[in-house]
file my_file_6.txt (compact mmCIF, C-alpha atoms and all ligand atoms)
# COMPACT_ATOMS: atom_id res chain seq x y z
CA MET A 184 1.76 47.56 59.66
CA PHE A 185 -0.39 45.08 57.79
CA ARG A 186 -4.08 45.28 58.67
CA ILE A 187 -7.14 43.54 57.37
CA VAL A 188 -10.73 44.59 57.91
CA TYR A 189 -12.99 41.58 58.22
CA ASP A 190 -16.61 41.25 57.23
CA VAL A 191 -18.31 40.40 60.52
CA THR A 192 -21.42 39.31 58.66
CA THR A 193 -19.54 36.38 57.07
CA PRO A 194 -21.53 33.17 57.63
CA MET A 195 -20.41 31.22 60.70
CA SER A 196 -19.46 28.19 58.63
CA SER A 197 -16.52 29.78 56.80
CA PRO A 198 -13.47 31.74 57.92
CA PRO A 199 -13.93 35.52 57.58
CA GLU A 200 -12.68 36.91 54.29
CA PRO A 201 -10.72 40.15 54.21
CA LEU A 202 -12.76 43.10 52.88
CA VAL A 203 -10.05 45.71 52.61
CA GLU A 204 -6.39 44.95 52.26
CA LEU A 205 -4.22 47.91 53.16
CA ASN A 206 -0.99 46.12 52.36
CA ALA A 207 -0.97 43.14 49.99
CA PRO A 208 0.18 39.99 51.77
CA VAL A 209 3.27 38.13 50.61
CA LEU A 210 1.69 34.87 51.65
CA SER A 211 -1.95 33.82 52.00
CA VAL A 212 -2.90 30.53 53.55
CA ARG A 213 -6.51 29.61 52.86
CA ASP A 214 -8.42 26.76 54.46
CA LEU A 215 -5.32 24.60 54.79
CA ARG A 216 -6.13 21.03 55.78
CA VAL A 217 -3.45 18.43 56.34
CA GLN A 218 -4.46 14.86 57.04
CA PHE A 219 -2.63 11.60 57.69
CA ARG A 220 -4.13 8.14 57.40
CA THR A 221 -3.35 6.11 60.50
CA ASP A 222 -4.42 2.69 61.79
CA ARG A 223 -6.81 4.45 64.15
CA GLY A 224 -8.36 6.69 61.52
CA THR A 225 -7.71 10.02 59.82
CA LEU A 226 -5.47 12.36 61.77
CA LYS A 227 -6.29 16.02 61.10
CA ALA A 228 -3.02 17.85 61.77
CA ALA A 229 -4.25 21.16 60.31
CA ASP A 230 -7.96 21.70 60.05
CA GLY A 231 -8.97 24.80 58.08
CA VAL A 232 -6.08 27.14 58.83
CA SER A 233 -6.31 30.58 57.15
CA PHE A 234 -4.08 33.62 57.58
CA ASP A 235 -2.19 36.28 55.66
CA LEU A 236 1.41 37.31 56.14
CA GLY A 237 2.10 40.95 55.26
CA LYS A 238 5.29 42.34 53.78
CA ASN A 239 7.92 42.75 56.51
CA GLU A 240 5.41 41.45 59.04
CA VAL A 241 6.35 39.00 61.79
CA ILE A 242 3.73 36.47 62.82
CA GLY A 243 4.18 34.24 65.84
CA ILE A 244 2.37 30.88 65.72
CA VAL A 245 1.96 29.59 69.25
CA GLY A 246 0.60 26.38 70.74
CA GLU A 247 1.47 23.16 72.52
CA SER A 248 3.05 20.19 70.74
CA GLY A 249 0.55 18.68 68.33
CA SER A 250 -1.38 21.91 67.83
CA GLY A 251 -0.58 21.96 64.11
CA LYS A 252 1.87 24.86 64.02
CA THR A 253 4.84 23.00 62.54
CA VAL A 254 2.67 21.13 60.05
CA THR A 255 1.30 24.48 58.89
CA ALA A 256 4.84 25.79 58.37
CA LEU A 257 6.02 22.64 56.60
CA SER A 258 3.04 22.89 54.24
CA VAL A 259 4.21 26.31 53.09
CA LEU A 260 7.46 24.78 51.84
CA ALA A 261 5.89 21.50 50.67
CA LEU A 262 8.08 19.64 53.17
CA LEU A 263 5.33 17.39 54.45
CA PRO A 264 5.92 13.64 54.43
CA THR A 265 4.55 11.83 51.40
CA THR A 266 1.89 10.19 53.59
CA ALA A 267 0.28 13.60 54.22
CA LYS A 268 -2.66 14.85 52.22
CA ALA A 269 -2.80 18.64 52.05
CA THR A 270 -5.68 20.64 50.60
CA GLY A 271 -6.52 24.33 50.50
CA GLU A 272 -4.27 27.08 49.19
CA VAL A 273 -0.87 28.48 50.11
CA LEU A 274 -0.67 31.49 47.81
CA TYR A 275 2.71 33.03 47.15
CA GLY A 276 2.15 35.69 44.49
CA GLU A 277 -0.05 34.07 41.90
CA ARG A 278 1.07 30.55 42.68
CA ASN A 279 -0.50 27.99 44.95
CA LEU A 280 2.53 26.31 46.51
CA LEU A 281 0.50 23.22 47.31
CA GLY A 282 0.04 22.51 43.63
CA LEU A 283 3.66 22.91 42.48
CA LYS A 284 5.84 20.11 41.20
CA GLU A 285 9.02 19.30 43.13
CA PRO A 286 11.44 21.18 40.77
CA GLU A 287 9.21 24.28 40.93
CA ILE A 288 9.01 24.30 44.73
CA ARG A 289 12.74 23.59 44.95
CA ALA A 290 13.40 26.82 43.05
CA ILE A 291 11.42 28.72 45.70
CA ARG A 292 12.64 26.83 48.77
CA GLY A 293 15.72 28.47 50.24
CA LYS A 294 15.52 31.36 47.79
CA ASP A 295 12.16 33.08 48.19
CA ILE A 296 11.03 31.24 51.31
CA ALA A 297 13.56 29.80 53.72
CA MET A 298 13.33 27.90 56.95
CA VAL A 299 15.35 27.81 60.15
CA PHE A 300 14.86 24.32 61.51
CA GLN A 301 14.25 23.43 65.13
CA ASP A 302 17.32 21.30 65.76
CA ALA A 303 20.37 23.07 64.39
CA LEU A 304 22.71 20.21 65.25
CA ALA A 305 20.63 17.77 63.22
CA ALA A 306 20.07 20.24 60.39
CA LEU A 307 23.75 21.05 59.88
CA ASN A 308 25.94 18.43 58.22
CA PRO A 309 28.56 17.38 60.78
CA LEU A 310 31.07 16.47 58.04
CA HIS A 311 31.23 19.86 56.35
CA ARG A 312 32.62 23.16 57.52
CA VAL A 313 29.96 25.71 58.42
CA GLY A 314 31.24 28.19 55.83
CA ASN A 315 30.97 25.57 53.05
CA GLN A 316 27.40 24.76 54.05
CA ILE A 317 26.42 28.42 53.80
CA SER A 318 28.25 28.68 50.42
CA GLU A 319 26.25 25.75 49.16
CA ALA A 320 22.98 27.45 50.17
CA ILE A 321 24.04 30.36 47.95
CA THR A 322 25.42 28.45 44.97
CA VAL A 323 22.51 26.04 44.71
CA HIS A 324 20.41 29.00 43.55
CA ASN A 325 23.28 30.97 41.96
CA PRO A 326 25.50 28.33 40.34
CA LYS A 327 27.46 30.93 38.35
CA ALA A 328 28.27 33.19 41.29
CA PRO A 329 32.03 33.86 41.43
CA ARG A 330 33.74 31.99 44.30
CA LYS A 331 35.27 35.16 45.66
CA GLU A 332 31.87 36.84 45.94
CA VAL A 333 30.32 33.79 47.56
CA LYS A 334 33.12 33.67 50.12
CA ALA A 335 32.69 37.36 50.90
CA ARG A 336 28.95 36.85 51.26
CA VAL A 337 29.47 33.97 53.69
CA LEU A 338 31.64 36.14 55.91
CA GLU A 339 29.13 38.99 55.68
CA LEU A 340 26.31 36.65 56.72
CA LEU A 341 28.26 35.22 59.64
CA GLY A 342 28.99 38.78 60.77
CA LEU A 343 25.34 39.78 60.39
CA VAL A 344 24.17 37.00 62.69
CA GLY A 345 26.81 37.89 65.26
CA ILE A 346 29.37 35.10 64.85
CA PRO A 347 32.68 36.48 66.15
CA ASN A 348 35.77 36.17 63.91
CA PRO A 349 33.80 35.02 60.86
CA LYS A 350 36.96 34.23 58.89
CA GLU A 351 38.16 31.60 61.35
CA ARG A 352 34.71 30.38 62.34
CA ALA A 353 33.71 29.73 58.71
CA ASN A 354 36.36 27.00 58.64
CA GLU A 355 35.05 25.21 61.71
CA TYR A 356 32.70 22.23 61.90
CA PRO A 357 29.25 22.36 63.57
CA HIS A 358 30.46 20.46 66.66
CA GLU A 359 32.94 23.28 67.31
CA TYR A 360 30.08 25.78 67.61
CA SER A 361 27.99 26.34 70.74
CA GLY A 362 24.21 25.76 70.55
CA GLY A 363 23.53 29.47 70.08
CA MET A 364 26.18 29.78 67.37
CA ARG A 365 24.78 26.80 65.49
CA GLN A 366 21.35 28.42 65.53
CA ARG A 367 22.91 31.65 64.22
CA ALA A 368 24.67 29.69 61.47
CA MET A 369 21.29 28.20 60.51
CA ILE A 370 19.82 31.69 60.33
CA ALA A 371 22.79 32.83 58.18
CA MET A 372 22.13 29.92 55.82
CA ALA A 373 18.41 30.68 55.68
CA ILE A 374 18.90 34.35 54.79
CA ALA A 375 21.76 33.68 52.34
CA ASN A 376 19.56 34.44 49.32
CA ASP A 377 17.58 37.32 50.87
CA PRO A 378 14.30 35.40 51.05
CA GLN A 379 11.03 37.30 51.15
CA ILE A 380 9.78 34.98 53.87
CA LEU A 381 11.71 33.38 56.69
CA ILE A 382 10.11 30.62 58.76
CA ALA A 383 11.75 29.86 62.10
CA ASP A 384 10.55 26.67 63.76
CA GLU A 385 11.15 26.81 67.52
CA PRO A 386 14.35 28.81 66.96
CA THR A 387 15.12 29.11 70.66
CA THR A 388 14.19 25.66 71.96
CA ALA A 389 16.91 24.05 74.11
CA LEU A 390 18.84 27.31 74.39
CA ASP A 391 19.46 29.03 77.71
CA VAL A 392 17.60 32.29 78.26
CA THR A 393 20.58 34.51 77.49
CA THR A 394 21.23 32.73 74.20
CA GLN A 395 17.48 32.78 73.48
CA ALA A 396 17.50 36.55 73.78
CA GLN A 397 20.55 36.79 71.50
CA VAL A 398 18.94 34.60 68.82
CA LEU A 399 15.73 36.66 68.95
CA GLU A 400 17.80 39.81 68.63
CA VAL A 401 19.51 38.33 65.56
CA LEU A 402 16.09 37.62 64.00
CA GLN A 403 15.06 41.18 64.76
CA ARG A 404 18.25 42.49 63.12
CA VAL A 405 17.71 40.27 60.09
CA ARG A 406 14.21 41.63 59.69
CA GLU A 407 15.47 45.22 59.81
CA ARG A 408 18.33 44.58 57.40
CA THR A 409 16.60 42.33 54.86
CA GLY A 410 12.94 43.36 55.12
CA SER A 411 11.90 39.69 55.18
CA ALA A 412 8.50 38.75 56.50
CA MET A 413 8.74 36.07 59.18
CA ILE A 414 6.76 33.28 60.74
CA ILE A 415 8.09 32.27 64.14
CA ILE A 416 6.77 29.02 65.54
CA THR A 417 7.00 28.45 69.25
CA HIS A 418 5.26 26.87 72.22
CA ASP A 419 6.32 29.84 74.34
CA LEU A 420 4.25 33.03 74.13
CA GLY A 421 7.09 34.89 75.86
CA VAL A 422 9.39 34.25 72.89
CA VAL A 423 7.20 36.12 70.42
CA ALA A 424 6.16 38.96 72.74
CA GLY A 425 9.01 41.23 71.74
CA VAL A 426 9.49 40.10 68.14
CA ALA A 427 6.11 39.50 66.51
CA ASP A 428 3.51 41.94 65.20
CA ARG A 429 0.69 39.44 65.30
CA ILE A 430 0.10 36.17 67.09
CA LEU A 431 -1.87 33.13 65.97
CA VAL A 432 -2.71 30.75 68.80
CA MET A 433 -3.31 27.19 67.58
CA TYR A 434 -5.05 24.30 69.30
CA ALA A 435 -5.90 20.88 67.87
CA GLY A 436 -5.04 21.88 64.31
CA ARG A 437 -6.96 25.14 64.30
CA ILE A 438 -6.34 28.80 64.97
CA VAL A 439 -8.32 29.62 68.12
CA GLU A 440 -7.19 33.22 68.57
CA SER A 441 -5.38 35.78 66.43
CA GLY A 442 -4.57 39.41 66.95
CA THR A 443 -1.78 41.89 67.48
CA VAL A 444 0.66 41.21 70.29
CA ASP A 445 -1.16 43.89 72.33
CA ASP A 446 -4.54 42.28 71.65
CA VAL A 447 -3.40 38.82 72.67
CA PHE A 448 -1.38 39.86 75.72
CA HIS A 449 -3.70 42.55 77.06
CA ARG A 450 -7.12 41.34 75.88
CA PRO A 451 -6.81 37.56 75.49
CA SER A 452 -10.17 36.35 74.30
CA HIS A 453 -9.80 32.59 74.38
CA PRO A 454 -9.43 30.56 77.59
CA TYR A 455 -6.59 28.54 76.04
CA THR A 456 -4.60 31.75 75.49
CA LEU A 457 -5.36 32.72 79.09
CA GLY A 458 -3.96 29.38 80.20
CA LEU A 459 -0.79 29.86 78.13
CA LEU A 460 -0.33 33.37 79.51
CA ALA A 461 -0.94 32.24 83.08
CA SER A 462 1.81 29.64 82.71
CA LEU A 463 4.46 32.24 81.82
CA PRO A 464 6.96 33.08 84.57
CA ARG A 465 6.38 36.66 85.76
CA LEU A 466 8.47 38.92 87.90
CA ASP A 467 5.41 40.44 89.62
CA ARG A 468 4.06 37.06 90.69
CA GLU A 469 4.36 36.00 94.29
CA GLY A 470 7.51 33.96 94.82
CA GLY A 471 7.51 30.39 96.05
CA ARG A 472 4.53 29.30 93.97
CA ARG A 473 4.84 26.70 91.27
CA LEU A 474 4.05 27.84 87.77
CA PRO A 475 0.47 27.10 86.73
CA ARG A 476 -0.14 24.70 83.89
CA ILE A 477 -3.05 23.82 81.69
CA ALA A 478 -4.28 20.52 83.06
CA GLY A 479 -4.83 17.54 80.82
CA GLN A 480 -3.32 16.86 77.44
CA PRO A 481 -4.04 18.17 73.96
CA PRO A 482 -6.58 15.86 72.32
CA SER A 483 -5.72 13.07 69.91
CA LEU A 484 -6.05 14.55 66.45
CA VAL A 485 -7.68 11.32 65.32
CA ASP A 486 -10.51 11.78 67.76
CA VAL A 487 -11.02 15.48 68.45
CA PRO A 488 -13.70 16.27 71.07
CA SER A 489 -17.06 17.41 69.72
CA GLY A 490 -18.05 21.07 69.72
CA CYS A 491 -15.17 23.16 70.99
CA SER A 492 -12.11 20.89 71.04
CA PHE A 493 -10.80 22.67 74.17
CA HIS A 494 -13.94 21.92 76.21
CA PRO A 495 -12.52 18.96 78.24
CA ARG A 496 -9.78 21.25 79.57
CA CYS A 497 -11.66 24.56 79.71
CA PRO A 498 -12.75 25.93 83.08
CA PHE A 499 -15.31 28.19 81.38
CA ALA A 500 -17.01 25.45 79.40
CA LYS A 501 -20.80 25.44 79.58
CA LEU A 502 -21.78 21.83 79.06
CA PRO A 503 -23.31 20.23 77.22
CA GLU A 504 -24.43 23.32 75.34
CA PRO A 505 -23.03 25.23 73.69
CA CYS A 506 -19.44 24.10 74.32
CA SER A 507 -19.58 20.38 73.56
CA ALA A 508 -22.35 20.73 71.00
CA ASP A 509 -21.42 23.67 68.76
CA ASP A 510 -18.10 24.20 67.09
CA PRO A 511 -17.16 27.87 67.71
CA GLN A 512 -15.95 29.71 64.59
CA LEU A 513 -13.03 32.12 64.46
CA LEU A 514 -14.79 35.48 64.57
CA PRO A 515 -13.99 39.10 65.54
CA THR A 516 -14.22 39.94 69.22
CA VAL A 517 -13.62 43.42 70.60
CA THR A 518 -11.98 44.71 67.42
CA ALA A 519 -12.41 43.57 63.84
CA ASN A 520 -8.85 42.23 63.63
CA HIS A 521 -8.86 40.37 66.91
CA LEU A 522 -10.39 36.97 66.29
CA SER A 523 -11.33 34.21 68.67
CA ALA A 524 -13.01 30.81 68.38
CA CYS A 525 -14.85 30.75 71.69
CA HIS A 526 -18.59 31.06 72.38
CA PHE A 527 -17.76 33.43 75.24
CA SER A 528 -14.89 35.36 73.65
CA ASP A 529 -16.41 38.80 74.34
CA GLU A 530 -16.81 37.97 77.99
CA VAL A 531 -13.21 36.79 78.23
CA ALA A 532 -11.80 39.69 76.20
CA ARG A 533 -13.70 42.38 78.10
CA ALA A 534 -12.33 41.39 81.48
CA GLU A 535 -10.63 44.47 82.88
CA PRO A 536 -6.90 44.61 82.14
CA GLY A 537 -5.00 44.34 85.39
CA ASP A 538 -7.89 42.48 86.97
CA ARG A 539 -6.18 39.18 87.62
CA ALA A 540 -9.49 37.55 88.50
CA TRP A 541 -9.52 35.87 85.12
CA ASP A 542 -6.04 34.50 85.64
CA VAL A 543 -6.93 33.32 89.07
CA GLU A 544 -10.09 31.71 87.83
CA VAL A 545 -8.23 29.95 85.06
CA VAL A 546 -5.48 28.82 87.37
CA GLU A 547 -7.50 27.92 90.39
CA SER A 548 -10.85 27.00 88.94
CA GLY A 549 -12.82 24.54 90.98
CA GLY A 550 -13.14 22.43 87.84
CA GLY A 551 -9.38 22.15 87.93
CA SER A 552 -9.15 22.43 84.19
CA VAL A 553 -6.24 24.82 84.47
CA THR A 554 -4.54 24.31 87.77
CA PRO A 555 -1.27 25.01 89.51
CA ALA A 556 1.18 22.19 89.04
CA PRO A 557 1.17 19.84 92.04
FE1 LIG B 601 -14.15 27.09 76.68
FE2 LIG B 601 -16.59 26.92 75.62
FE3 LIG B 601 -14.95 28.88 74.87
FE4 LIG B 601 -14.45 26.38 74.15
S1 LIG B 601 -16.22 27.62 73.54
S2 LIG B 601 -12.99 27.82 74.93
S3 LIG B 601 -15.14 25.24 75.94
S4 LIG B 601 -15.82 28.56 76.92
call {"tool": "encode", "arguments": {"input": "my_file_6.txt", "output": "structure tokens"}}
result
Amino acid sequence: MFRIVYDVTTPMSSPPEPLVELNAPVLSVRDLRVQFRTDRGTLKAADGVSFDLGKNEVIGIVGESGSGKTVTALSVLALLPTTAKATGEVLYGERNLLGLKEPEIRAIRGKDIAMVFQDALAALNPLHRVGNQISEAITVHNPKAPRKEVKARVLELLGLVGIPNPKERANEYPHEYSGGMRQRAMIAMAIANDPQILIADEPTTALDVTTQAQVLEVLQRVRERTGSAMIIITHDLGVVAGVADRILVMYAGRIVESGTVDDVFHRPSHPYTLGLLASLPRLDREGGRRLPRIAGQPPSLVDVPSGCSFHPRCPFAKLPEPCSADDPQLLPTVTANHLSACHFSDEVARAEPGDRAWDVEVVESGGGSVTPAP
């Protein structure tokens, strides 16, 4: 799997640069900043996001609404609204996707990098048969492809994503599909041209748990069959647990923790990640208790709190210093590839696995920053 060794002596002011790359990334995002001008000031939707995506690697980007995860994904495909100002680099091969003209990015979009959108019903055209929409995704990049081959490919794709009776289903309209089938059709469309990178934005939102599991299994199958690297965006850590290799946790437009799935689930090193984990339903948790939640709301991205942006909600915050005074940088914690932006990341990460004291403290802290739902 893709690994980077970071230089831990990198100055605090900049994100750590990889020293040794054992597997060249297919995508490198460097210091991505996306801003919107609003009546109330500049809204920083992404604020210095940097990460690499390795070949055949699956990254899960996790965070609450407004954390910057979708904006980060949209930047990769230059799908941001025209009012957005994006700086930094999104390197795909030699090219910085942020600097490409519309015809150049259009040649990449859907061919080399494809996206599965959040709302399949809105993304599919209700007036066209599903099979025709998938054909179009193929022919737009292969205008000379023989019709017979395109038709065969459509049926193959529908079969690959687990649509039963592809021949009949290809002739149906989106409203004749269930929610899960529509999402599968979107995945079929996205992988129609064997993209190197597949971005799935909340692919399981609004689906029941059984269908969620089926869609995740389809993504897993696609990865095995096509070798695509993937970015899966979700607010639910549970969704990426079984699919991703690495997880990036985002808060207020920044990555606050990144590491392998094992790192993040077994040695979470940022209190926000602890809060997200504590709010997951668990079979070994005492019944009859409401699920914990992280109290408060994510901050306005026009007016992000000083120092650590999580400090108003963090039960571990030491105030005023360092938490509301110094902005913690994303730096290695226990291992070189496990990064956290918390002044006390080592303390959090070194809590004994299985010792639920940290969970309990997060959930039941006297400060009430992360508390059980009333
Ligand atoms: Fe909490 Fe302070 Fe760490 Fe921020 S830096 S997450 S406020 S302990």
call {"tool": "residues_near_ligand", "arguments": {"input": "my_file_6.txt", "ligand": "ligand LIG 601 (chain B)", "cutoff": "8 Å", "atoms": "all atoms listed in the file", "output": "number ranges by chain"}}
result
A: 453-455, 490-501, 505-507, 510-511, 524-528
call {"tool": "write_last_selection", "arguments": {"input": "my_file_6.txt", "atoms": "C-alpha atoms", "output": "PDB file, in the coordinates of the input"}}
result
ATOM      1  CA  HIS A 453      -9.800  32.590  74.380  1.00  0.00           C
ATOM      2  CA  PRO A 454      -9.430  30.560  77.590  1.00  0.00           C
ATOM      3  CA  TYR A 455      -6.590  28.540  76.040  1.00  0.00           C
ATOM      4  CA  GLY A 490     -18.050  21.070  69.720  1.00  0.00           C
ATOM      5  CA  CYS A 491     -15.170  23.160  70.990  1.00  0.00           C
ATOM      6  CA  SER A 492     -12.110  20.890  71.040  1.00  0.00           C
ATOM      7  CA  PHE A 493     -10.800  22.670  74.170  1.00  0.00           C
ATOM      8  CA  HIS A 494     -13.940  21.920  76.210  1.00  0.00           C
ATOM      9  CA  PRO A 495     -12.520  18.960  78.240  1.00  0.00           C
ATOM     10  CA  ARG A 496      -9.780  21.250  79.570  1.00  0.00           C
ATOM     11  CA  CYS A 497     -11.660  24.560  79.710  1.00  0.00           C
ATOM     12  CA  PRO A 498     -12.750  25.930  83.080  1.00  0.00           C
ATOM     13  CA  PHE A 499     -15.310  28.190  81.380  1.00  0.00           C
ATOM     14  CA  ALA A 500     -17.010  25.450  79.400  1.00  0.00           C
ATOM     15  CA  LYS A 501     -20.800  25.440  79.580  1.00  0.00           C
ATOM     16  CA  PRO A 505     -23.030  25.230  73.690  1.00  0.00           C
ATOM     17  CA  CYS A 506     -19.440  24.100  74.320  1.00  0.00           C
ATOM     18  CA  SER A 507     -19.580  20.380  73.560  1.00  0.00           C
ATOM     19  CA  ASP A 510     -18.100  24.200  67.090  1.00  0.00           C
ATOM     20  CA  PRO A 511     -17.160  27.870  67.710  1.00  0.00           C
ATOM     21  CA  ALA A 524     -13.010  30.810  68.380  1.00  0.00           C
ATOM     22  CA  CYS A 525     -14.850  30.750  71.690  1.00  0.00           C
ATOM     23  CA  HIS A 526     -18.590  31.060  72.380  1.00  0.00           C
ATOM     24  CA  PHE A 527     -17.760  33.430  75.240  1.00  0.00           C
ATOM     25  CA  SER A 528     -14.890  35.360  73.650  1.00  0.00           C
TER      26      SER A 528
END
call {"tool": "atom_distance", "arguments": {"input": "my_file_6.txt", "atom1": "atom CA of Gln379 of chain A", "atom2": "atom CA of Leu210 of chain A"}}
result
9.7 Å
call {"tool": "residues_near_point", "arguments": {"input": "my_file_6.txt", "point": "(2.6, 21.8, 64.6)", "cutoff": "12 Å", "atoms": "only C-alpha atoms", "output": "PyMOL selection string"}}
result
chain A and resi 217+227-230+232+244-258+263+301+384-385+415-418+432-438+484
call {"tool": "residues_around", "arguments": {"input": "my_file_6.txt", "residues": "Met364 of chain A", "least_positions_apart": "6", "cutoff": "9 Å", "atoms": "all atoms listed in the file", "output": "MDAnalysis selection string"}}
result
chainID A and resid 344:346 357 394 398
call {"tool": "closest_residue", "arguments": {"input": "my_file_6.txt", "among": "A:Val405, A:Ile242, A:Ala267, A:Leu522", "to": "Gly425 of chain A", "atoms": "only C-alpha atoms"}}
result
A:Ile242
call {"tool": "closest_residue", "arguments": {"input": "my_file_6.txt", "among": "A:Gly342, A:Gly243, A:Pro349, A:Pro475", "to": "Leu420 of chain A", "atoms": "only C-alpha atoms"}}
result
A:Gly243
call {"tool": "atom_distance", "arguments": {"input": "my_file_6.txt", "atom1": "atom CA of Glu504 of chain A", "atom2": "atom CA of Asp486 of chain A"}}
result
19.6 Å
call {"tool": "closest_residue", "arguments": {"input": "my_file_6.txt", "among": "A:Arg352, A:His449, A:Lys334, A:Arg292", "to": "Pro378 of chain A", "atoms": "only C-alpha atoms"}}
result
A:Arg292
call {"tool": "atom_distance", "arguments": {"input": "my_file_6.txt", "atom1": "atom CA of Arg533 of chain A", "atom2": "atom CA of Val439 of chain A"}}
result
17.1 Å
call {"tool": "closest_residue", "arguments": {"input": "my_file_6.txt", "among": "A:Thr322, A:Thr266, A:Thr387, A:Asn279", "to": "Leu215 of chain A", "atoms": "only C-alpha atoms"}}
result
A:Asn279
call {"tool": "closest_residue", "arguments": {"input": "my_file_6.txt", "among": "A:Asp302, A:Asp419, A:Asp428, A:Glu319", "to": "Gly363 of chain A", "atoms": "all atoms listed in the file"}}
result
A:Asp302
call {"tool": "closest_residue", "arguments": {"input": "my_file_6.txt", "among": "A:Ile291, A:Ile321, A:Val209, A:Leu310", "to": "Asn376 of chain A", "atoms": "all atoms listed in the file"}}
result
A:Ile321
call {"tool": "closest_atom_pairs", "arguments": {"input": "my_file_6.txt", "of": "segment 426-491 of chain A", "to": "segment 513-520 of chain A", "cutoff": "9 Å", "atoms": "only C-alpha atoms", "output": "Markdown table"}}
result
| residue | atom | partner | partner_atom | distance |
| --- | --- | --- | --- | --- |
| A:Ile438 | CA | A:Leu513 | CA | 7.5 |
| A:Val439 | CA | A:Leu513 | CA | 6.5 |
| A:Glu440 | CA | A:Leu513 | CA | 7.2 |
| A:Ser441 | CA | A:Asn520 | CA | 7.8 |
| A:Gly442 | CA | A:Asn520 | CA | 6.1 |
| A:Thr443 | CA | A:Asn520 | CA | 8.1 |
| A:Asp446 | CA | A:Thr518 | CA | 8.9 |
| A:Arg450 | CA | A:Val517 | CA | 8.6 |
| A:Ser452 | CA | A:Thr516 | CA | 7.4 |
call {"tool": "decode", "arguments": {"input": "my_file_6.txt", "residues": "segment 331-346 of chain A", "atoms": "N, CA and C atoms", "output": "PDB file, in the first residue's frame"}}
result
ATOM      1  N   LYS A 331     -22.640  -1.149 -31.320  1.00  0.00           N
ATOM      2  CA  LYS A 331     -22.792  -2.499 -30.770  1.00  0.00           C
ATOM      3  C   LYS A 331     -21.876  -2.681 -29.538  1.00  0.00           C
ATOM      4  N   GLU A 332     -20.653  -2.173 -29.690  1.00  0.00           N
ATOM      5  CA  GLU A 332     -19.690  -2.297 -28.578  1.00  0.00           C
ATOM      6  C   GLU A 332     -20.138  -1.475 -27.375  1.00  0.00           C
ATOM      7  N   VAL A 333     -20.655  -0.284 -27.664  1.00  0.00           N
ATOM      8  CA  VAL A 333     -21.111   0.578 -26.565  1.00  0.00           C
ATOM      9  C   VAL A 333     -22.251  -0.104 -25.815  1.00  0.00           C
ATOM     10  N   LYS A 334     -23.166  -0.705 -26.578  1.00  0.00           N
ATOM     11  CA  LYS A 334     -24.322  -1.361 -25.961  1.00  0.00           C
ATOM     12  C   LYS A 334     -23.846  -2.532 -25.080  1.00  0.00           C
ATOM     13  N   ALA A 335     -22.893  -3.288 -25.616  1.00  0.00           N
ATOM     14  CA  ALA A 335     -22.370  -4.427 -24.850  1.00  0.00           C
ATOM     15  C   ALA A 335     -21.683  -3.931 -23.574  1.00  0.00           C
ATOM     16  N   ARG A 336     -20.983  -2.817 -23.703  1.00  0.00           N
ATOM     17  CA  ARG A 336     -20.284  -2.253 -22.539  1.00  0.00           C
ATOM     18  C   ARG A 336     -21.289  -1.790 -21.471  1.00  0.00           C
ATOM     19  N   VAL A 337     -22.383  -1.199 -21.915  1.00  0.00           N
ATOM     20  CA  VAL A 337     -23.406  -0.744 -20.964  1.00  0.00           C
ATOM     21  C   VAL A 337     -23.935  -1.939 -20.167  1.00  0.00           C
ATOM     22  N   LEU A 338     -24.226  -3.021 -20.859  1.00  0.00           N
ATOM     23  CA  LEU A 338     -24.759  -4.201 -20.166  1.00  0.00           C
ATOM     24  C   LEU A 338     -23.705  -4.781 -19.223  1.00  0.00           C
ATOM     25  N   GLU A 339     -22.460  -4.762 -19.669  1.00  0.00           N
ATOM     26  CA  GLU A 339     -21.370  -5.270 -18.815  1.00  0.00           C
ATOM     27  C   GLU A 339     -21.268  -4.436 -17.533  1.00  0.00           C
ATOM     28  N   LEU A 340     -21.366  -3.106 -17.709  1.00  0.00           N
ATOM     29  CA  LEU A 340     -21.249  -2.220 -16.545  1.00  0.00           C
ATOM     30  C   LEU A 340     -22.414  -2.416 -15.580  1.00  0.00           C
ATOM     31  N   LEU A 341     -23.616  -2.541 -16.137  1.00  0.00           N
ATOM     32  CA  LEU A 341     -24.774  -2.745 -15.259  1.00  0.00           C
ATOM     33  C   LEU A 341     -24.630  -4.057 -14.489  1.00  0.00           C
ATOM     34  N   GLY A 342     -24.090  -5.067 -15.168  1.00  0.00           N
ATOM     35  CA  GLY A 342     -23.857  -6.358 -14.496  1.00  0.00           C
ATOM     36  C   GLY A 342     -22.803  -6.213 -13.405  1.00  0.00           C
ATOM     37  N   LEU A 343     -21.749  -5.464 -13.723  1.00  0.00           N
ATOM     38  CA  LEU A 343     -20.644  -5.302 -12.760  1.00  0.00           C
ATOM     39  C   LEU A 343     -21.120  -4.640 -11.463  1.00  0.00           C
ATOM     40  N   VAL A 344     -22.039  -3.689 -11.591  1.00  0.00           N
ATOM     41  CA  VAL A 344     -22.502  -3.009 -10.375  1.00  0.00           C
ATOM     42  C   VAL A 344     -23.704  -3.714  -9.736  1.00  0.00           C
ATOM     43  N   GLY A 345     -24.040  -4.882 -10.273  1.00  0.00           N
ATOM     44  CA  GLY A 345     -25.042  -5.715  -9.611  1.00  0.00           C
ATOM     45  C   GLY A 345     -26.487  -5.370  -9.924  1.00  0.00           C
ATOM     46  N   ILE A 346     -26.732  -4.785 -11.114  1.00  0.00           N
ATOM     47  CA  ILE A 346     -28.126  -4.542 -11.527  1.00  0.00           C
ATOM     48  C   ILE A 346     -28.653  -5.846 -12.143  1.00  0.00           C
TER      49      ILE A 346
END
